[in-house]
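To keep things clear, I will list the structure first and then write my remarks on it.
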Amino acid sequence: MFLGTHQPRLDEKGRLFLPAKYREELAEGLVITKGQERCLYVFPVEEFQRITEALRTAPVTAKAVRDYSRVFFASASDETPDKQGRITIPQGLREYAGLRRDCVVIGANTRLEIWDAKAWDTYLADQEQAFSELSEEVLPGVL
């Protein structure tokens, strides 16, 4: 499970230090791909394989499944962190997420998300008020 908020910087070669607490779990490899709201999703290989299987069994006749799968898999990049715990984020993914230097890496349960720091601040400011005012259960019987 991935939790918390971290603020690494992207270096001039497009590399980012993974949060230290997750390096061991991601040491054998990970997959980075486009996520919603112009962030990047970072999955451990096992979780990416689980999602791949779920999409494999989804009906290919559904246009939304085809569209999502095309973008999701075409933009995916498998990476292995170096000895310092850095990953290289491909140029196309950096452009999609608007990553320049200051980034935010958030834990999002089964994945990490990488955001441009300003984009994250804007997103969070918009969402925190709605979160605090949420009056109906998001997960009935759980929250």
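Please note that chains go A, B, ... in the order of the structure tokens, that every chain numbers its residues from 1, and that ligands are numbered from 1 in the order shown.
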Enumerate the residues of chain A with a DSSP assignment of helix (DSSP H, G or I), computed from the backbone, and present them as a ChimeraX atom specification.
/A:20-26,36-38,45-57,63-74,91-97,117-133
Taking only residues of stretch 63-124 of chain A that have an atom at most 9 Å from an atom of stretch 8-26 of chain A, what is each one's shortest atom pair and its distance in Å to one decimal, using only C-alpha atoms, in chain and number order, as a Markdown table?
```
| residue | atom | partner | partner_atom | distance |
| --- | --- | --- | --- | --- |
| A:Thr80 | CA | A:Leu26 | CA | 7.8 |
| A:Pro81 | CA | A:Leu26 | CA | 7.5 |
| A:Gln84 | CA | A:Phe17 | CA | 7.6 |
| A:Gly85 | CA | A:Phe17 | CA | 5.6 |
| A:Arg86 | CA | A:Phe17 | CA | 4.2 |
| A:Ile87 | CA | A:Arg15 | CA | 5.3 |
| A:Thr88 | CA | A:Arg15 | CA | 4.2 |
| A:Ile89 | CA | A:Gly14 | CA | 5.6 |
| A:Pro90 | CA | A:Gly14 | CA | 7.1 |
| A:Gln91 | CA | A:Gly14 | CA | 7.4 |
| A:Arg94 | CA | A:Gly14 | CA | 7.8 |
| A:Leu99 | CA | A:Leu10 | CA | 7.8 |
| A:Arg100 | CA | A:Leu10 | CA | 6.7 |
| A:Arg101 | CA | A:Leu10 | CA | 4.7 |
| A:Asp102 | CA | A:Arg9 | CA | 4.8 |
| A:Cys103 | CA | A:Arg9 | CA | 5.6 |
| A:Val104 | CA | A:Pro8 | CA | 6.4 |
| A:Val105 | CA | A:Pro8 | CA | 7.3 |
```
- prompt: So which bits of chain A end up strand (DSSP E or B) when you DSSP the backbone, as a PyMOL selection string?
  reply: chain A and resi 2+5-6+9-10+15-17+30-34+40-44+77-79+86-88+102-107+109+112-116
Handout entry: Which residue of A:Thr52, A:Thr122, A:Gln129, A:Ser75 approaches A:Leu93 most closely, using only C-alpha atoms
Key =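 Among the listed residues, A:Ser75 lies closest to A:Leu93.
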Closest of A:Ile114, A:Leu30, A:Leu55, A:Ala119 to A:Phe43, counting only C-alpha atoms, is A:Leu30
Could you name the residues that touch A:Arg70 at 12 Å or less, counting only C-alpha atoms, but leaving out those on the same chain fewer than 6 positions away, as a ChimeraX atom specification? /A:33-34,52,55,60,63-64,76
Atoms kept (N, CA, C and O atoms) for selection, written as a tab-separated table (two decimals), in the first residue's frame:
```tsv
chain	number	residue	atom	x	y	z
A	33	THR	N	2.89	5.13	-16.48
A	33	THR	CA	2.01	5.41	-17.61
A	33	THR	C	1.17	6.66	-17.33
A	33	THR	O	1.20	7.19	-16.22
A	34	LYS	N	0.46	7.11	-18.33
A	34	LYS	CA	-0.40	8.27	-18.18
A	34	LYS	C	-1.55	7.94	-17.24
A	34	LYS	O	-2.12	6.85	-17.29
A	52	THR	N	-3.62	-5.33	-16.29
A	52	THR	CA	-3.55	-5.86	-17.65
A	52	THR	C	-4.54	-7.01	-17.83
A	52	THR	O	-5.26	-7.08	-18.82
A	55	LEU	N	-8.12	-5.69	-17.97
A	55	LEU	CA	-8.41	-5.09	-19.27
A	55	LEU	C	-8.47	-6.15	-20.38
A	55	LEU	O	-9.22	-6.00	-21.34
A	60	VAL	N	-13.68	-6.11	-25.83
A	60	VAL	CA	-13.00	-5.30	-26.83
A	60	VAL	C	-14.01	-4.57	-27.73
A	60	VAL	O	-13.66	-3.63	-28.43
A	63	LYS	N	-16.12	0.63	-26.92
A	63	LYS	CA	-15.21	1.68	-27.40
A	63	LYS	C	-14.40	2.29	-26.25
A	63	LYS	O	-13.21	2.56	-26.41
A	64	ALA	N	-15.01	2.52	-25.11
A	64	ALA	CA	-14.30	3.11	-23.97
A	64	ALA	C	-13.14	2.22	-23.53
A	64	ALA	O	-12.06	2.72	-23.18
A	76	ALA	N	2.82	3.43	-21.67
A	76	ALA	CA	3.48	2.74	-20.55
A	76	ALA	C	4.96	2.50	-20.82
A	76	ALA	O	5.37	2.21	-21.94
```
Review point. Which of these, A:Ala125, A:Arg56, A:Ala117, A:Tyr96, has the shortest distance to A:Arg38 once you count only C-alpha atoms?
Key: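 Smallest distance to A:Arg38 is found for A:Tyr96.
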task = Could you tell me how far atom CA of A:Lys83 lies from atom CA of A:Arg50, in Å and to one decimal?
result =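 The value is 26.8 Å.
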